[in-house]
Every structure is written in C-alpha cells, then in structure tokens.
file entry_31.cif (mmCIF, C-alpha atoms)
data_query
loop_
_atom_site.group_PDB
_atom_site.id
_atom_site.type_symbol
_atom_site.label_atom_id
_atom_site.label_comp_id
_atom_site.auth_asym_id
_atom_site.auth_seq_id
_atom_site.Cartn_x
_atom_site.Cartn_y
_atom_site.Cartn_z
ATOM 1 C CA VAL S 203 0.000 0.000 0.000
ATOM 2 C CA GLU S 204 2.814 2.375 0.927
ATOM 3 C CA SER S 205 4.617 1.583 -2.334
ATOM 4 C CA ALA S 206 1.482 2.298 -4.383
ATOM 5 C CA GLN S 207 1.016 5.648 -2.633
ATOM 6 C CA SER S 208 4.611 6.654 -3.302
ATOM 7 C CA LEU S 209 4.228 5.687 -6.993
ATOM 8 C CA LYS S 210 1.018 7.714 -7.202
ATOM 9 C CA GLN S 211 2.734 10.693 -5.547
ATOM 10 C CA ALA S 212 5.686 10.407 -7.947
ATOM 11 C CA ALA S 213 3.309 10.400 -10.927
ATOM 12 C CA GLU S 214 1.481 13.472 -9.577
ATOM 13 C CA ASP S 215 4.789 15.262 -8.994
ATOM 14 C CA ARG S 216 5.956 14.427 -12.529
ATOM 15 C CA HIS S 217 2.661 15.713 -13.978
ATOM 16 C CA ALA S 218 2.928 18.940 -11.965
ATOM 17 C CA GLN S 219 6.510 19.435 -13.175
ATOM 18 C CA GLU S 220 5.428 18.893 -16.791
ATOM 19 C CA GLN S 221 2.676 21.499 -16.379
ATOM 20 C CA GLU S 222 5.146 23.971 -14.871
ATOM 21 C CA ASP S 223 7.597 23.335 -17.734
ATOM 22 C CA LYS S 224 4.859 24.042 -20.307
ATOM 23 C CA ALA S 225 3.903 27.257 -18.520
ATOM 24 C CA ASN S 226 7.543 28.359 -18.465
ATOM 25 C CA GLN S 227 7.898 27.609 -22.186
ATOM 26 C CA ALA S 228 4.876 29.787 -22.951
ATOM 27 C CA ALA S 229 6.162 32.567 -20.684
ATOM 28 C CA CYS S 230 9.557 32.308 -22.384
ATOM 29 C CA ALA S 231 7.973 32.845 -25.803
ATOM 30 C CA PHE S 232 6.038 35.879 -24.552
ATOM 31 C CA ASP S 233 9.157 37.296 -22.881
ATOM 32 C CA ILE S 234 11.112 37.074 -26.128
ATOM 33 C CA GLY S 235 8.229 38.723 -27.986
ATOM 34 C CA ALA S 236 8.196 41.524 -25.403
ATOM 35 C CA VAL S 237 11.939 42.090 -25.874
ATOM 36 C CA THR S 238 11.407 42.437 -29.615
ATOM 37 C CA LEU S 239 8.460 44.788 -29.138
ATOM 38 C CA MET S 240 10.272 47.034 -26.645
ATOM 39 C CA LEU S 241 13.403 47.255 -28.815
ATOM 40 C CA ALA S 242 11.247 48.156 -31.828
ATOM 41 C CA ARG S 243 9.478 50.784 -29.710
ATOM 42 C CA ALA S 244 12.824 52.180 -28.612
ATOM 43 C CA GLY S 245 13.884 52.447 -32.253
ATOM 44 C CA VAL S 246 10.730 54.338 -33.212
ATOM 45 C CA LEU S 247 11.151 56.650 -30.221
ATOM 46 C CA ILE S 248 14.796 57.320 -31.059
ATOM 47 C CA ASN S 249 13.728 58.265 -34.571
ATOM 48 C CA ALA S 250 11.093 60.636 -33.159
ATOM 49 C CA GLY S 251 13.618 62.033 -30.692
ATOM 50 C CA VAL S 252 16.111 62.826 -33.435
ATOM 51 C CA THR S 253 13.467 65.007 -35.053
ATOM 52 C CA ASP S 254 11.809 66.424 -31.940
ATOM 53 C CA CYS S 255 15.056 67.183 -30.118
ATOM 54 C CA SER S 256 16.957 68.806 -32.969
ATOM 55 C CA SER S 257 18.339 72.231 -32.152
ATOM 56 C CA SER S 258 16.273 73.892 -34.871
ATOM 57 C CA LYS S 259 13.078 72.287 -33.595
ATOM 58 C CA LEU S 260 13.833 73.236 -29.986
ATOM 59 C CA LYS S 261 14.647 76.847 -30.903
ATOM 60 C CA GLY S 262 11.458 77.236 -32.928
ATOM 61 C CA SER S 263 8.939 75.721 -30.566
ATOM 62 C CA GLY S 264 10.062 76.904 -27.125
ATOM 63 C CA SER S 265 8.848 75.122 -24.013
ATOM 64 C CA ASP S 266 6.370 72.996 -25.999
ATOM 65 C CA GLY S 267 9.240 71.617 -28.041
ATOM 66 C CA GLU S 268 11.253 70.976 -24.887
ATOM 67 C CA ALA S 269 8.308 69.094 -23.366
ATOM 68 C CA LEU S 270 7.919 66.977 -26.507
ATOM 69 C CA CYS S 271 11.642 66.218 -26.510
ATOM 70 C CA THR S 272 11.434 65.259 -22.840
ATOM 71 C CA VAL S 273 8.550 62.891 -23.603
ATOM 72 C CA ASP S 274 10.666 61.239 -26.304
ATOM 73 C CA ILE S 275 13.784 60.888 -24.154
ATOM 74 C CA THR S 276 12.033 59.537 -21.070
ATOM 75 C CA SER S 277 9.998 57.152 -23.226
ATOM 76 C CA ILE S 278 13.243 55.855 -24.761
ATOM 77 C CA VAL S 279 14.585 55.172 -21.250
ATOM 78 C CA GLY S 280 11.319 53.384 -20.436
ATOM 79 C CA ALA S 281 11.416 51.258 -23.593
ATOM 80 C CA PHE S 282 15.000 50.137 -22.986
ATOM 81 C CA SER S 283 14.209 49.454 -19.323
ATOM 82 C CA PHE S 284 11.244 47.276 -20.228
ATOM 83 C CA ALA S 285 13.356 45.478 -22.863
ATOM 84 C CA ALA S 286 15.973 44.752 -20.193
ATOM 85 C CA SER S 287 13.243 43.597 -17.841
ATOM 86 C CA SER S 288 11.855 41.249 -20.482
ATOM 87 C CA ILE S 289 15.329 39.802 -21.048
ATOM 88 C CA THR S 290 15.581 39.225 -17.310
ATOM 89 C CA TYR S 291 12.197 37.503 -17.230
ATOM 90 C CA ALA S 292 13.287 35.378 -20.199
ATOM 91 C CA ILE S 293 16.271 34.213 -18.157
ATOM 92 C CA ALA S 294 13.811 33.131 -15.473
ATOM 93 C CA HIS S 295 11.484 31.316 -17.873
ATOM 94 C CA CYS S 296 13.759 29.968 -20.623
ATOM 95 C CA GLY S 297 15.801 26.993 -19.530
ATOM 96 C CA GLU S 298 17.827 26.266 -16.456
ATOM 97 C CA LEU S 299 19.636 29.579 -16.016
ATOM 98 C CA VAL S 300 17.362 30.691 -13.183
ATOM 99 C CA ALA S 301 18.945 28.120 -10.870
ATOM 100 C CA GLN S 302 22.307 29.796 -11.488
ATOM 101 C CA THR S 303 20.893 33.306 -11.012
ATOM 102 C CA PRO S 304 18.535 33.165 -8.021
ATOM 103 C CA ASN S 305 17.947 36.933 -7.843
ATOM 104 C CA VAL S 306 16.812 37.241 -11.455
ATOM 105 C CA LEU S 307 13.187 38.051 -10.563
ATOM 106 C CA CYS S 308 14.343 40.674 -8.079
ATOM 107 C CA ALA S 309 16.441 42.258 -10.821
ATOM 108 C CA ALA S 310 13.442 42.244 -13.163
ATOM 109 C CA ALA S 311 11.311 43.999 -10.552
ATOM 110 C CA ILE S 312 13.959 46.681 -10.028
ATOM 111 C CA ILE S 313 14.298 47.251 -13.775
ATOM 112 C CA ASP S 314 10.494 47.418 -14.109
ATOM 113 C CA THR S 315 10.464 50.143 -11.464
ATOM 114 C CA ILE S 316 13.010 52.179 -13.428
ATOM 115 C CA GLY S 317 10.946 51.800 -16.594
ATOM 116 C CA ALA S 318 7.740 52.770 -14.802
ATOM 117 C CA VAL S 319 9.331 55.898 -13.321
ATOM 118 C CA ALA S 320 10.572 56.886 -16.785
ATOM 119 C CA GLU S 321 7.070 56.449 -18.217
ATOM 120 C CA VAL S 322 5.573 58.523 -15.380
ATOM 121 C CA ALA S 323 8.074 61.263 -16.254
ATOM 122 C CA ALA S 324 7.038 61.018 -19.919
ATOM 123 C CA ALA S 325 3.362 61.284 -18.974
ATOM 124 C CA GLY S 326 4.092 64.284 -16.762
ATOM 125 C CA SER S 327 5.830 66.076 -19.620
ATOM 126 C CA ASP S 328 2.988 65.153 -21.955
ATOM 127 C CA PHE S 329 0.332 66.750 -19.706
ATOM 128 C CA ASN S 330 1.522 70.203 -20.680
ATOM 129 C CA LEU S 331 1.019 69.382 -24.343
ATOM 130 C CA ASN S 332 -2.257 67.510 -24.425
ATOM 131 C CA CYS S 333 -4.489 67.976 -21.406
ATOM 132 C CA GLY S 334 -7.579 70.138 -21.136
ATOM 133 C CA LYS S 335 -8.383 73.681 -22.107
ATOM 134 C CA GLY S 336 -5.216 74.945 -20.485
ATOM 135 C CA SER S 337 -3.024 73.270 -23.079
ATOM 136 C CA THR S 338 -0.271 75.661 -24.083
ATOM 137 C CA ILE S 339 0.860 73.880 -27.226
ATOM 138 C CA SER S 340 1.780 76.239 -30.009
ATOM 139 C CA PRO S 341 -0.360 76.045 -33.181
ATOM 140 C CA ALA S 342 2.705 75.249 -35.320
ATOM 141 C CA LEU S 343 3.768 72.341 -33.095
ATOM 142 C CA ASP S 344 0.159 71.101 -32.838
ATOM 143 C CA ALA S 345 -0.084 70.995 -36.630
ATOM 144 C CA GLU S 346 3.206 69.118 -36.842
ATOM 145 C CA ILE S 347 2.224 66.551 -34.184
ATOM 146 C CA ASN S 348 -1.297 65.966 -35.465
#

call {"tool": "encode", "arguments": {"input": "entry_31.cif", "output": "structure tokens"}}
result
Amino acid sequence: VESAQSLKQAAEDRHAQEQEDKANQAACAFDIGAVTLMLARAGVLINAGVTDCSSSKLKGSGSDGEALCTVDITSIVGAFSFAASSITYAIAHCGELVAQTPNVLCAAAIIDTIGAVAEVAAAGSDFNLNCGKGSTISPALDAEIN
C-alpha cells in the first residue's frame, strides 16, 4: 500500500513538473516577444527624438518643443528598461539559467520600477502638451504633431 502511494505521488509530482515546464515555455515565448516589441518601440522613439530634439526644432517651438523632446527621451529610457526587464524575465522562464541566477526576478522587478518611473516622467511632460483647455501647445507644433 505504501509503495502504491509513493508511486502515485511520484506520478502526480511528474505531472505537476510537466505542467510547470509548459507554462515556463509559454512565458519564455512571450518574454522574447516583449523584448522584440520594446526594442522596436525604442527604435521608433529614437527616430522621433532625433526630429523632436533637434536644435532647430527646440529653438522654434520653445517650451512645448522641450516638453515633446522630454517625452521622447524619457519614453526611450522606459522602452529600454522594459526590454531589459523582459530579457531578465526570459532568463527566469527559458531553460535552467534561473537556478544559477537566483535573484533574477528581483532584478526584473527593479528594472520594471526604473521603466515605470521613466514612463511617469514622460506622462508628466505630456500633460503640458495635451491635457484640457489649459493646453499651451503652439499652433505650429500642434499641426506638426497631429
């Protein structure tokens, strides 16, 4: 009876491990997709930043142009932070590396915090440009953005 119970427990443990492995494989695929997405986003934002942060653009649009440039720069920091976070999560979900790097999820959480703070800064800079009747965006910059 004891032998049968231990065999049953071993089979249940094996099944649970297989389910966990499948979940990690799916998470790994999503993590890699997130890395690709965040790096593509960073590339698009860098391209926008090159235009929005040029000296001629900043001289011509005043504080609105500075705010738009700030949105671009802080969003770039956020995109790279979230890409780094996704790489860290991929380490946790893809293969056996997590056993060698036990603090990998802690690192991911710290990197996520950096990315979130950067995005909050971007949103704060964007308020001046896009929120409510008090928006101070210049007509020339508004036409260029929209």

call {"tool": "closest_residue", "arguments": {"input": "entry_31.cif", "among": "S:Ile275, S:Cys296, S:Ala206, S:Cys255", "to": "Lys224 of chain S", "atoms": "only C-alpha atoms"}}
result
S:Cys296

call {"tool": "closest_residue", "arguments": {"input": "entry_31.cif", "among": "S:Ala250, S:Cys230, S:Ala269, S:Ala225", "to": "Gly326 of chain S", "atoms": "all atoms listed in the file"}}
result
S:Ala269

call {"tool": "closest_residue", "arguments": {"input": "entry_31.cif", "among": "S:Ala323, S:Gly317, S:Ile293, S:Ala285", "to": "Gly235 of chain S", "atoms": "only C-alpha atoms"}}
result
S:Ala285

call {"tool": "closest_residue", "arguments": {"input": "entry_31.cif", "among": "S:Ile248, S:Ala218, S:Ile278, S:Ala292", "to": "Ala318 of chain S", "atoms": "all atoms listed in the file"}}
result
S:Ile278

call {"tool": "atom_distance", "arguments": {"input": "entry_31.cif", "atom1": "atom CA of Ala281 of chain S", "atom2": "atom CA of Asn305 of chain S"}}
result
22.3 Å

call {"tool": "closest_residue", "arguments": {"input": "entry_31.cif", "among": "S:Ser256, S:Cys308, S:Glu321, S:Ser327", "to": "Ala294 of chain S", "atoms": "all atoms listed in the file"}}
result
S:Cys308

call {"tool": "atom_distance", "arguments": {"input": "entry_31.cif", "atom1": "atom CA of His217 of chain S", "atom2": "atom CA of Phe232 of chain S"}}
result
23.0 Å
